[in-house]
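Asker: Below is model17.csv; it holds CSV, C-alpha atoms (C1' of nucleotides).
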```
chain,number,residue,atom,x,y,z
A,1,MET,CA,13.7,-24.9,-9.1
A,2,LYS,CA,12.5,-26.8,-6.1
A,3,ARG,CA,9.1,-26.2,-4.6
A,4,ALA,CA,9.8,-24.1,-1.5
A,5,ARG,CA,8.7,-24.9,2.0
A,6,HIS,CA,6.1,-22.8,3.6
A,7,PRO,CA,5.7,-23.0,7.4
A,8,ASP,CA,2.3,-23.8,8.8
A,9,PRO,CA,0.4,-20.9,10.3
A,10,ASP,CA,0.9,-22.2,13.8
A,11,GLU,CA,4.5,-22.7,13.2
A,12,LEU,CA,5.3,-19.1,12.7
A,13,SER,CA,7.9,-17.7,15.1
A,14,LEU,CA,7.9,-14.1,16.3
A,15,ILE,CA,11.6,-13.8,16.2
A,16,ASP,CA,11.7,-15.2,12.7
A,17,VAL,CA,9.0,-12.7,11.6
A,18,LEU,CA,10.7,-9.8,13.3
A,19,GLY,CA,14.0,-10.9,11.8
A,20,ALA,CA,12.6,-11.1,8.4
A,21,LEU,CA,11.1,-7.6,8.7
A,22,ASN,CA,14.4,-6.2,10.0
A,23,ASP,CA,15.6,-5.0,6.6
A,24,PRO,CA,14.4,-2.1,4.5
A,25,ILE,CA,14.2,-4.1,1.3
A,26,ARG,CA,12.1,-6.8,2.8
A,27,VAL,CA,9.8,-4.3,4.4
A,28,GLY,CA,9.6,-2.6,1.0
A,29,LEU,CA,8.5,-5.9,-0.5
A,30,VAL,CA,5.9,-6.4,2.1
A,31,ARG,CA,4.6,-3.0,1.5
A,32,VAL,CA,4.3,-3.7,-2.2
A,33,LEU,CA,2.4,-6.9,-1.4
A,34,ALA,CA,0.3,-5.2,1.2
A,35,ASP,CA,-2.7,-4.7,-1.0
A,36,GLY,CA,-3.2,-8.5,-1.1
A,37,ARG,CA,-2.5,-8.9,-4.8
A,38,GLU,CA,-0.3,-11.5,-6.1
A,39,ARG,CA,2.8,-10.2,-7.9
A,40,GLY,CA,5.1,-11.8,-10.4
A,41,TRP,CA,8.7,-12.2,-9.4
A,42,GLY,CA,9.9,-10.3,-12.4
A,43,GLU,CA,7.4,-7.6,-11.8
A,44,LEU,CA,9.2,-6.6,-8.6
A,45,ARG,CA,11.6,-3.7,-8.9
A,46,VAL,CA,14.4,-3.8,-6.3
A,47,PRO,CA,17.8,-2.2,-6.6
A,48,VAL,CA,19.8,-5.4,-5.9
A,49,ALA,CA,21.1,-8.3,-7.9
A,50,LYS,CA,18.6,-11.0,-8.6
A,51,SER,CA,20.4,-13.5,-6.4
A,52,THR,CA,20.0,-11.0,-3.6
A,53,LEU,CA,16.3,-10.5,-4.3
A,54,SER,CA,15.9,-14.3,-4.4
A,55,HIS,CA,17.5,-14.4,-1.0
A,56,HIS,CA,15.2,-11.8,0.5
A,57,LEU,CA,12.1,-13.5,-0.9
A,58,ARG,CA,13.3,-16.7,0.6
A,59,VAL,CA,13.7,-15.1,4.0
A,60,LEU,CA,10.2,-13.7,3.8
A,61,ARG,CA,8.9,-17.1,2.7
A,62,ASP,CA,10.7,-19.1,5.4
A,63,ALA,CA,9.4,-16.7,8.0
A,64,GLY,CA,5.9,-17.4,6.8
A,65,ILE,CA,5.3,-13.9,5.6
A,66,THR,CA,4.8,-14.6,2.0
A,67,ARG,CA,3.7,-17.5,-0.1
A,68,THR,CA,5.3,-18.4,-3.4
A,69,ARG,CA,3.5,-20.1,-6.2
A,70,GLN,CA,5.2,-21.5,-9.3
A,71,GLU,CA,3.8,-21.6,-12.8
A,72,GLY,CA,6.0,-22.9,-15.4
A,73,THR,CA,9.3,-21.2,-15.2
A,74,ARG,CA,8.1,-18.1,-13.4
A,75,CYS,CA,6.7,-17.6,-10.0
A,76,PHE,CA,4.4,-15.3,-8.1
A,77,VAL,CA,4.5,-14.0,-4.6
A,78,GLU,CA,1.7,-13.1,-2.2
A,79,LEU,CA,1.4,-11.9,1.3
A,80,ARG,CA,0.1,-14.3,3.9
A,81,GLY,CA,-1.8,-11.6,5.6
A,82,GLY,CA,-4.5,-13.8,7.0
A,83,ASP,CA,-2.2,-16.5,8.5
A,84,LEU,CA,0.0,-13.8,10.0
A,85,ASP,CA,-2.9,-11.9,11.5
A,86,ALA,CA,-4.3,-15.1,12.9
A,87,ARG,CA,-1.2,-15.9,14.8
A,88,PHE,CA,0.1,-12.4,15.6
A,89,PRO,CA,-3.0,-10.2,15.6
A,90,GLY,CA,-2.3,-6.6,14.6
A,91,LEU,CA,1.4,-7.1,14.1
A,92,LEU,CA,1.5,-6.9,10.3
A,93,GLY,CA,-0.8,-3.9,10.3
A,94,ALA,CA,1.2,-2.1,12.9
A,95,VAL,CA,4.4,-2.7,11.0
A,96,LEU,CA,2.9,-1.6,7.7
A,97,GLY,CA,1.5,1.5,9.3
A,98,ALA,CA,4.9,2.3,10.8
A,99,ALA,CA,6.6,1.6,7.6
A,100,ASP,CA,4.3,4.0,5.8
A,101,ARG,CA,5.1,6.7,8.4
A,102,ASP,CA,8.8,6.0,8.2
A,103,ASP,CA,8.8,5.5,4.5
A,104,VAL,CA,10.8,2.4,4.8
A,105,GLY,CA,11.7,0.5,1.7
A,106,SER,CA,10.3,3.0,-0.6
A,107,HIS,CA,12.9,2.1,-3.2
A,108,VAL,CA,11.1,-1.1,-3.7
A,109,GLY,CA,8.3,-1.2,-6.3
A,110,VAL,CA,6.7,-3.0,-9.2
A,111,VAL,CA,6.8,-2.3,-12.9
A,112,GLY,CA,4.6,0.6,-13.8
A,113,GLY,CA,4.3,1.9,-10.3
A,114,LEU,CA,1.0,0.8,-8.9
A,115,PRO,CA,-0.4,-1.1,-11.9
A,116,GLU,CA,-4.0,-2.0,-12.1
A,117,ALA,CA,-4.8,0.1,-9.1
A,118,PRO,CA,-7.9,1.9,-10.2
A,119,ALA,CA,-7.1,5.0,-8.1
A,120,ASP,CA,-9.3,4.0,-5.2
A,121,ARG,CA,-6.4,3.8,-2.9
A,122,LYS,CA,-5.5,6.8,-0.6
A,123,PRO,CA,-1.8,7.3,-0.5
A,124,GLY,CA,-1.4,7.1,3.2
A,125,ALA,CA,-3.9,4.4,4.0
A,126,PRO,CA,-2.2,1.2,4.9
A,127,GLN,CA,-4.1,-1.8,3.7
A,128,ILE,CA,-3.5,-5.1,5.4
A,129,GLU,CA,-4.9,-7.3,2.8
A,130,ARG,CA,-7.4,-8.3,0.2
B,1,MET,CA,29.6,6.1,33.4
B,2,LYS,CA,28.5,8.5,30.8
B,3,ARG,CA,24.9,9.6,30.5
B,4,ALA,CA,23.5,7.7,27.7
B,5,ARG,CA,21.8,9.3,24.6
B,6,HIS,CA,18.1,8.8,24.1
B,7,PRO,CA,16.7,9.5,20.7
B,8,ASP,CA,13.8,11.9,20.4
B,9,PRO,CA,10.4,10.4,19.9
B,10,ASP,CA,10.3,11.7,16.3
B,11,GLU,CA,13.7,10.3,15.6
B,12,LEU,CA,12.7,6.7,16.2
B,13,SER,CA,13.4,4.5,13.2
B,14,LEU,CA,11.3,1.5,12.4
B,15,ILE,CA,14.2,-0.6,11.3
B,16,ASP,CA,16.1,0.3,14.4
B,17,VAL,CA,13.1,-0.7,16.6
B,18,LEU,CA,12.5,-3.9,14.7
B,19,GLY,CA,16.2,-4.7,14.8
B,20,ALA,CA,16.3,-4.1,18.6
B,21,LEU,CA,13.3,-6.4,19.0
B,22,ASN,CA,14.9,-9.1,16.9
B,23,ASP,CA,16.4,-10.9,19.8
B,24,PRO,CA,14.8,-13.2,22.4
B,25,ILE,CA,16.7,-11.6,25.3
B,26,ARG,CA,15.7,-8.1,24.4
B,27,VAL,CA,12.1,-9.1,23.8
B,28,GLY,CA,12.2,-10.7,27.2
B,29,LEU,CA,13.5,-7.5,28.7
B,30,VAL,CA,10.7,-5.5,27.0
B,31,ARG,CA,8.2,-8.0,28.4
B,32,VAL,CA,9.5,-7.5,31.9
B,33,LEU,CA,9.2,-3.8,31.5
B,34,ALA,CA,5.8,-4.0,29.8
B,35,ASP,CA,3.9,-3.2,33.0
B,36,GLY,CA,5.3,0.3,32.8
B,37,ARG,CA,7.2,0.0,36.1
B,38,GLU,CA,10.7,1.1,36.3
B,39,ARG,CA,13.2,-1.6,37.1
B,40,GLY,CA,16.7,-1.5,38.6
B,41,TRP,CA,19.5,-2.8,36.5
B,42,GLY,CA,20.5,-5.3,39.1
B,43,GLU,CA,17.0,-6.4,39.5
B,44,LEU,CA,17.0,-7.9,36.1
B,45,ARG,CA,17.7,-11.6,35.8
B,46,VAL,CA,19.1,-12.5,32.4
B,47,PRO,CA,21.2,-15.6,31.7
B,48,VAL,CA,24.2,-13.7,30.1
B,49,ALA,CA,27.3,-11.9,31.4
B,50,LYS,CA,26.7,-8.5,32.7
B,51,SER,CA,28.7,-6.9,29.8
B,52,THR,CA,26.3,-8.6,27.5
B,53,LEU,CA,23.3,-7.4,29.4
B,54,SER,CA,24.8,-3.9,29.3
B,55,HIS,CA,25.0,-4.3,25.5
B,56,HIS,CA,21.4,-5.4,25.1
B,57,LEU,CA,20.1,-2.6,27.2
B,58,ARG,CA,22.2,-0.2,25.1
B,59,VAL,CA,20.6,-1.5,21.9
B,60,LEU,CA,17.1,-1.0,23.4
B,61,ARG,CA,18.0,2.4,24.6
B,62,ASP,CA,19.6,3.5,21.3
B,63,ALA,CA,16.5,2.3,19.4
B,64,GLY,CA,14.4,4.5,21.7
B,65,ILE,CA,12.6,1.5,23.3
B,66,THR,CA,13.8,2.1,26.8
B,67,ARG,CA,14.9,5.0,28.9
B,68,THR,CA,17.7,4.7,31.4
B,69,ARG,CA,17.9,6.9,34.5
B,70,GLN,CA,20.9,7.1,36.7
B,71,GLU,CA,21.0,7.5,40.4
B,72,GLY,CA,24.3,7.4,42.1
B,73,THR,CA,26.1,4.3,41.0
B,74,ARG,CA,23.1,2.4,39.9
B,75,CYS,CA,20.6,2.9,37.2
B,76,PHE,CA,17.0,2.1,36.4
B,77,VAL,CA,15.3,1.1,33.1
B,78,GLU,CA,11.9,1.9,31.9
B,79,LEU,CA,9.9,1.3,28.8
B,80,ARG,CA,9.2,4.3,26.6
B,81,GLY,CA,5.8,2.9,25.8
B,82,GLY,CA,4.2,6.3,25.2
B,83,ASP,CA,6.8,7.6,22.8
B,84,LEU,CA,6.8,4.4,20.9
B,85,ASP,CA,3.1,4.3,20.6
B,86,ALA,CA,2.9,7.9,19.5
B,87,ARG,CA,5.3,7.2,16.6
B,88,PHE,CA,4.4,3.7,15.7
B,89,PRO,CA,0.8,3.2,17.0
B,90,GLY,CA,0.0,-0.4,18.0
B,91,LEU,CA,3.4,-1.7,17.2
B,92,LEU,CA,4.6,-2.3,20.7
B,93,GLY,CA,1.3,-3.8,21.8
B,94,ALA,CA,1.2,-6.2,18.8
B,95,VAL,CA,4.8,-7.3,19.5
B,96,LEU,CA,4.1,-7.8,23.2
B,97,GLY,CA,1.0,-9.8,22.4
B,98,ALA,CA,2.8,-11.9,19.9
B,99,ALA,CA,5.7,-12.4,22.4
B,100,ASP,CA,3.2,-13.6,24.9
B,101,ARG,CA,1.7,-16.1,22.5
B,102,ASP,CA,5.1,-17.3,21.4
B,103,ASP,CA,6.6,-17.2,24.9
B,104,VAL,CA,9.6,-15.3,23.6
B,105,GLY,CA,12.3,-14.4,26.1
B,106,SER,CA,10.7,-16.2,29.0
B,107,HIS,CA,14.2,-16.8,30.5
B,108,VAL,CA,14.3,-13.1,31.3
B,109,GLY,CA,12.9,-12.0,34.6
B,110,VAL,CA,13.4,-9.9,37.7
B,111,VAL,CA,14.4,-10.8,41.2
B,112,GLY,CA,11.5,-12.4,43.1
B,113,GLY,CA,9.5,-13.2,40.1
B,114,LEU,CA,6.8,-10.6,39.8
B,115,PRO,CA,7.7,-8.5,42.9
B,116,GLU,CA,5.2,-6.3,44.7
B,117,ALA,CA,2.5,-8.5,43.2
B,118,PRO,CA,0.8,-9.4,46.5
B,119,ALA,CA,0.3,-13.2,46.2
B,120,ASP,CA,-2.9,-13.1,44.2
B,121,ARG,CA,-1.2,-15.4,41.8
B,122,LYS,CA,-2.3,-19.0,41.4
B,123,PRO,CA,0.6,-21.4,41.7
B,124,GLY,CA,0.0,-23.0,38.4
B,125,ALA,CA,-0.2,-19.7,36.5
B,126,PRO,CA,2.5,-19.2,34.0
B,127,GLN,CA,5.4,-17.4,35.6
B,128,ILE,CA,8.1,-15.8,33.6
B,129,GLU,CA,10.9,-17.2,35.7
B,130,ARG,CA,12.9,-17.3,38.9
C,1,DT,C1',41.5,7.6,51.5
C,2,DT,C1',40.7,3.1,50.7
C,3,DC,C1',37.5,-0.3,49.5
C,4,DG,C1',33.4,-2.5,47.4
C,5,DA,C1',29.4,-2.4,44.4
C,6,DT,C1',27.7,-1.1,40.0
C,7,DG,C1',27.7,-0.6,35.2
C,8,DT,C1',30.3,0.7,30.9
C,9,DT,C1',33.9,0.1,27.6
C,10,DC,C1',37.4,-2.5,25.3
C,11,DG,C1',39.4,-6.0,22.7
C,12,DC,C1',38.5,-10.5,20.8
C,13,DA,C1',36.3,-14.6,18.7
C,14,DA,C1',32.4,-16.9,16.7
C,15,DA,C1',28.3,-16.7,14.2
C,16,DA,C1',24.9,-14.5,11.3
C,17,DC,C1',23.8,-11.3,7.6
C,18,DG,C1',23.7,-8.8,3.0
C,19,DT,C1',25.6,-8.7,-1.3
C,20,DC,C1',27.5,-10.1,-5.6
C,21,DG,C1',28.7,-12.9,-9.8
C,22,DA,C1',29.0,-17.5,-11.6
C,23,DA,C1',27.1,-21.7,-12.2
C,24,DC,C1',23.1,-24.4,-12.3
C,25,DA,C1',18.1,-26.4,-13.0
C,26,DA,C1',13.8,-26.4,-15.3
C,27,DG,C1',10.4,-25.0,-18.4
C,28,DG,C1',9.3,-22.7,-23.1
C,29,DT,C1',10.4,-21.9,-27.6
C,30,DA,C1',12.6,-22.3,-32.1
D,1,DT,C1',17.7,-30.8,-30.7
D,2,DA,C1',19.6,-26.4,-29.3
D,3,DC,C1',18.6,-22.1,-27.1
D,4,DC,C1',16.6,-18.6,-24.1
D,5,DT,C1',14.2,-17.1,-20.0
D,6,DT,C1',13.5,-17.3,-15.1
D,7,DG,C1',14.9,-18.0,-10.6
D,8,DT,C1',17.7,-20.7,-7.2
D,9,DT,C1',22.0,-22.2,-5.3
D,10,DC,C1',26.9,-21.8,-4.3
D,11,DG,C1',31.1,-19.7,-2.8
D,12,DA,C1',33.2,-15.7,-1.5
D,13,DC,C1',33.7,-11.3,0.8
D,14,DG,C1',33.1,-7.7,4.2
D,15,DT,C1',30.1,-6.0,7.8
D,16,DT,C1',27.3,-6.5,11.8
D,17,DT,C1',25.9,-8.9,15.8
D,18,DT,C1',26.3,-11.6,19.9
D,19,DG,C1',28.9,-13.2,23.5
D,20,DC,C1',32.7,-13.3,27.0
D,21,DG,C1',36.2,-11.7,30.4
D,22,DA,C1',39.2,-8.0,31.8
D,23,DA,C1',40.0,-3.4,32.6
D,24,DC,C1',38.1,0.9,33.8
D,25,DA,C1',35.2,4.7,35.9
D,26,DT,C1',32.2,6.4,39.4
D,27,DC,C1',29.7,6.6,43.5
D,28,DG,C1',28.9,5.5,48.4
D,29,DA,C1',30.5,3.5,52.6
D,30,DA,C1',34.0,2.3,55.9
```
Mind converting the file's structure to structure tokens?

Answerer:
Amino acid sequence: MKRARHPDPDELSLIDVLGALNDPIRVGLVRVLADGRERGWGELRVPVAKSTLSHHLRVLRDAGITRTRQEGTRCFVELRGGDLDARFPGLLGAVLGAADRDDVGSHVGVVGGLPEAPADRKPGAPQIER
Amino acid sequence: MKRARHPDPDELSLIDVLGALNDPIRVGLVRVLADGRERGWGELRVPVAKSTLSHHLRVLRDAGITRTRQEGTRCFVELRGGDLDARFPGLLGAVLGAADRDDVGSHVGVVGGLPEAPADRKPGAPQIER
DNA sequence: TTCGATGTTCGCAAAACGTCGAACAAGGTA
DNA sequence: TACCTTGTTCGACGTTTTGCGAACATCGAA
């Protein structure tokens, strides 16, 4: 596995970002990562083949929406909420809010539902990061 | 010319909206319409064939981003900013702000630059085009 | 009624996209 | 060493999107 390329914050392109978000599965992934926590690849539950999931994660990474870290043979994904918000203020939050309203990508999840979430999260409250 | 279908405000789909905005020309059109003024079809200056422009305007209309009004043989386009903001608060504004930063769709304009803007524009100020 | 202007619709072609399974690469483990 | 696990890459397939020009429909004007 090669180490993937992550675009610099000032390199992010709006069209790339919107293009990456133009897919229910990818929006679902972003929603899962919206709490700011890093997630393991294998932890993600998406109803597609793993090659397809790999593709979607690559699109998100190439657009600068997520960051991928590698550890041994497995890797972890994280939302680049700060970078995104610095370059396109409010965009991610608006999309996450809209995705919540529209329930986009709800078939994407993680093992065990919302693990390690100590129940201090209101269901409807979009949370940009951290 | 048939009268086109406009989706109801509560019918708007986030994926459709993001899909419609995932194109520099369409983002440019939205930017032109962002001031809330209605524009004539023929007033729009876009570097594509008219059949292609018709297509882009249809995508925007079908997504619920614009409204098209017909008057005799010509028609007028308008941004559905209110409807959009009611359903997806902040989304349009964030995209417009990001588009400004990224200068997306700057090759889209209207006849006479920014018409009816009474010469209070400094020559060096960034001008969308034409 | 005939003509011109204005958009829309209809093929058509090229490119991009989402999806899959198979093959592969790399790190852990036995 | 051989083997297993974890993701990525590759090639293929069908669908969608973008773009064009030509043909069409409709309205207003001559």

Asker: Could you name the residues that touch DA13 (chain C) at 12 Å or less, counting all atoms listed in the file, but leaving out those on the same chain fewer than 5 positions away, as JSON, numbers by chain?

Answerer: {"D": [18, 19, 20]}

Asker: Contacts of Ser13 (chain B) at 8 Å or less, counting all atoms listed in the file, minus same-chain residues fewer than 4 places along, as number ranges by chain?

Answerer: A: 102; B: 17, 63

Asker: Create the file for the chosen residues now, containing C-alpha atoms and written as a compact mmCIF listing (two decimals), keeping the file's coordinate frame.

Answerer:
```
# COMPACT_ATOMS: atom_id res chain seq x y z
CA ASP A 102 8.80 6.00 8.20
CA VAL B 17 13.10 -0.70 16.60
CA ALA B 63 16.50 2.30 19.40
```

Asker: Mind listing as a VMD selection string which residues of chain B are within 9 Å of chain C, counting only C-alpha atoms (C1' of nucleotides)?

Answerer: chain B and resid 1 to 2 41 to 42 50 to 51 54 73 to 75

Asker: What are the residues of chain A that have an atom within 7 Å of an atom of chain B, counting all atoms listed in the file, as a ChimeraX atom specification?

Answerer: /A:13-15,18-19,22-24,88-91,94-95,98-99,102

Asker: Please produce an output containing C-alpha atoms for each residue in the selection, written as a compact mmCIF listing (two decimals), in the frame of the given file.

Answerer:
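Wrote it out as again37.txt, contents follow:
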```txt
# COMPACT_ATOMS: atom_id res chain seq x y z
CA SER A 13 7.90 -17.70 15.10
CA LEU A 14 7.90 -14.10 16.30
CA ILE A 15 11.60 -13.80 16.20
CA LEU A 18 10.70 -9.80 13.30
CA GLY A 19 14.00 -10.90 11.80
CA ASN A 22 14.40 -6.20 10.00
CA ASP A 23 15.60 -5.00 6.60
CA PRO A 24 14.40 -2.10 4.50
CA PHE A 88 0.10 -12.40 15.60
CA PRO A 89 -3.00 -10.20 15.60
CA GLY A 90 -2.30 -6.60 14.60
CA LEU A 91 1.40 -7.10 14.10
CA ALA A 94 1.20 -2.10 12.90
CA VAL A 95 4.40 -2.70 11.00
CA ALA A 98 4.90 2.30 10.80
CA ALA A 99 6.60 1.60 7.60
CA ASP A 102 8.80 6.00 8.20
```

Asker: What does the structure give for the distance between CA of Arg61 (chain A) and C1' of DG11 (chain D), in Å to one decimal?

Answerer: 23.0 Å

Asker: Give me, as a ChimeraX atom specification, the residues of chain D touching chain A, with the criterion being at most 9 Å (counting all atoms listed in the file).

Answerer: /D:5-9

Asker: Could those selected residues go to a file with C-alpha atoms (C1' of nucleotides), as an mmCIF file, in the frame of the given file?

Answerer:
```cif
data_model
loop_
_atom_site.group_PDB
_atom_site.id
_atom_site.type_symbol
_atom_site.label_atom_id
_atom_site.label_comp_id
_atom_site.auth_asym_id
_atom_site.auth_seq_id
_atom_site.Cartn_x
_atom_site.Cartn_y
_atom_site.Cartn_z
ATOM 1 C "C1'" DT D 5 14.200 -17.100 -20.000
ATOM 2 C "C1'" DT D 6 13.500 -17.300 -15.100
ATOM 3 C "C1'" DG D 7 14.900 -18.000 -10.600
ATOM 4 C "C1'" DT D 8 17.700 -20.700 -7.200
ATOM 5 C "C1'" DT D 9 22.000 -22.200 -5.300
#
```

Asker: Chain B least-squares fit onto chain A, all C-alpha atoms in order: RMSD in Å?

Answerer: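 3.9 Å is the C-alpha RMSD between the two chains.
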
Asker: I'd like the contact shell of Arg3 (chain B) - 9 Å cut-off, all atoms listed in the file, skipping same-chain residues fewer than 5 positions apart - returned as a list of chain:residue names.

Answerer: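 Surrounding residues, per the criterion: B:Thr68, B:Arg69, B:Gln70.
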
Asker: So the first atom is CA of His6 (chain A) and the second is CA of Ile65 (chain A); what is the distance between them in Å, to one decimal place?

Answerer: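 Computing it gives 9.2 Å between the two atoms.
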
Asker: By how many Å are CA of Asp10 (chain A) and CA of Val59 (chain A) apart?

Answerer: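 Going from CA of Asp10 (chain A) over to CA of Val59 (chain A), I get 17.6 Å.
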
Asker: At a cut-off of 7 Å, using all atoms listed in the file, what residues contact Val108 (chain B)? Leave out same-chain residues fewer than 6 positions from it and give the result as a list in words.

Answerer: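 Non-adjacent residues within range: Ile25, Gly28, Leu29, Arg45, Val46 and Glu129 of chain B.
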
Asker: Which residue, B:His107, B:Val48, B:Ala34, B:Ala86, has the smallest gap to Thr66 (chain B) when you use only C-alpha atoms?

Answerer: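 So, comparing all the options, the nearest one is B:Ala34.
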
Asker: Here is a test: counting all atoms listed in the file, which residue of B:Glu43, B:Arg26, B:Asp8, B:Glu71 is nearest to DT26 (chain D)?

Answerer: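 Looking at the shortest contact to DT26 (chain D), the residue is B:Glu71.
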
Asker: Taking the block just given, write region 101-108 of chain B to a file that holds all heavy atoms, as a PDB file, in the first residue's frame.

Answerer:
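Everything below was put into result38.pdb:
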```pdb
ATOM      1  N   ARG B 101     -14.309  32.514  -3.437  1.00  0.00           N
ATOM      2  CA  ARG B 101     -12.907  32.302  -3.075  1.00  0.00           C
ATOM      3  C   ARG B 101     -12.154  31.559  -4.154  1.00  0.00           C
ATOM      4  O   ARG B 101     -11.004  31.836  -4.453  1.00  0.00           O
ATOM      5  CB  ARG B 101     -12.820  31.451  -1.811  1.00  0.00           C
ATOM      6  CG  ARG B 101     -13.280  32.138  -0.575  1.00  0.00           C
ATOM      7  CD  ARG B 101     -12.681  31.411   0.585  1.00  0.00           C
ATOM      8  NE  ARG B 101     -12.774  32.225   1.782  1.00  0.00           N
ATOM      9  CZ  ARG B 101     -11.992  32.057   2.838  1.00  0.00           C
ATOM     10  NH1 ARG B 101     -11.075  31.106   2.828  1.00  0.00           N
ATOM     11  NH2 ARG B 101     -12.112  32.827   3.885  1.00  0.00           N
ATOM     12  N   ASP B 102     -12.821  30.577  -4.709  1.00  0.00           N
ATOM     13  CA  ASP B 102     -12.171  29.696  -5.670  1.00  0.00           C
ATOM     14  C   ASP B 102     -12.294  30.226  -7.088  1.00  0.00           C
ATOM     15  O   ASP B 102     -11.707  29.671  -8.008  1.00  0.00           O
ATOM     16  CB  ASP B 102     -12.824  28.311  -5.586  1.00  0.00           C
ATOM     17  CG  ASP B 102     -11.801  27.223  -5.386  1.00  0.00           C
ATOM     18  OD1 ASP B 102     -10.717  27.539  -4.887  1.00  0.00           O
ATOM     19  OD2 ASP B 102     -12.083  26.064  -5.734  1.00  0.00           O
ATOM     20  N   ASP B 103     -13.078  31.264  -7.253  1.00  0.00           N
ATOM     21  CA  ASP B 103     -13.339  31.838  -8.565  1.00  0.00           C
ATOM     22  C   ASP B 103     -13.848  30.780  -9.548  1.00  0.00           C
ATOM     23  O   ASP B 103     -13.357  30.645 -10.661  1.00  0.00           O
ATOM     24  CB  ASP B 103     -12.081  32.506  -9.115  1.00  0.00           C
ATOM     25  CG  ASP B 103     -12.443  33.535 -10.170  1.00  0.00           C
ATOM     26  OD1 ASP B 103     -13.529  34.116 -10.072  1.00  0.00           O
ATOM     27  OD2 ASP B 103     -11.648  33.732 -11.096  1.00  0.00           O
ATOM     28  N   VAL B 104     -14.819  30.038  -9.103  1.00  0.00           N
ATOM     29  CA  VAL B 104     -15.398  28.996  -9.944  1.00  0.00           C
ATOM     30  C   VAL B 104     -16.415  29.611 -10.894  1.00  0.00           C
ATOM     31  O   VAL B 104     -17.214  30.450 -10.496  1.00  0.00           O
ATOM     32  CB  VAL B 104     -16.093  27.918  -9.088  1.00  0.00           C
ATOM     33  CG1 VAL B 104     -16.739  26.871  -9.967  1.00  0.00           C
ATOM     34  CG2 VAL B 104     -15.109  27.289  -8.142  1.00  0.00           C
ATOM     35  N   GLY B 105     -16.377  29.179 -12.130  1.00  0.00           N
ATOM     36  CA  GLY B 105     -17.386  29.614 -13.090  1.00  0.00           C
ATOM     37  C   GLY B 105     -17.288  31.068 -13.466  1.00  0.00           C
ATOM     38  O   GLY B 105     -18.275  31.707 -13.798  1.00  0.00           O
ATOM     39  N   SER B 106     -16.072  31.596 -13.444  1.00  0.00           N
ATOM     40  CA  SER B 106     -15.922  33.020 -13.736  1.00  0.00           C
ATOM     41  C   SER B 106     -16.088  33.306 -15.224  1.00  0.00           C
ATOM     42  O   SER B 106     -16.131  34.466 -15.618  1.00  0.00           O
ATOM     43  CB  SER B 106     -14.561  33.491 -13.267  1.00  0.00           C
ATOM     44  OG  SER B 106     -13.551  32.680 -13.810  1.00  0.00           O
ATOM     45  N   HIS B 107     -16.163  32.275 -16.041  1.00  0.00           N
ATOM     46  CA  HIS B 107     -16.359  32.505 -17.470  1.00  0.00           C
ATOM     47  C   HIS B 107     -17.833  32.593 -17.821  1.00  0.00           C
ATOM     48  O   HIS B 107     -18.202  32.654 -18.983  1.00  0.00           O
ATOM     49  CB  HIS B 107     -15.678  31.404 -18.279  1.00  0.00           C
ATOM     50  CG  HIS B 107     -15.983  30.033 -17.797  1.00  0.00           C
ATOM     51  ND1 HIS B 107     -16.359  29.763 -16.513  1.00  0.00           N
ATOM     52  CD2 HIS B 107     -15.971  28.849 -18.425  1.00  0.00           C
ATOM     53  CE1 HIS B 107     -16.557  28.473 -16.379  1.00  0.00           C
ATOM     54  NE2 HIS B 107     -16.341  27.897 -17.516  1.00  0.00           N
ATOM     55  N   VAL B 108     -18.660  32.639 -16.784  1.00  0.00           N
ATOM     56  CA  VAL B 108     -20.082  32.825 -17.001  1.00  0.00           C
ATOM     57  C   VAL B 108     -20.449  34.248 -16.608  1.00  0.00           C
ATOM     58  O   VAL B 108     -19.985  34.745 -15.581  1.00  0.00           O
ATOM     59  CB  VAL B 108     -20.903  31.825 -16.152  1.00  0.00           C
ATOM     60  CG1 VAL B 108     -22.381  32.102 -16.265  1.00  0.00           C
ATOM     61  CG2 VAL B 108     -20.592  30.407 -16.568  1.00  0.00           C
TER      62      VAL B 108
END
```
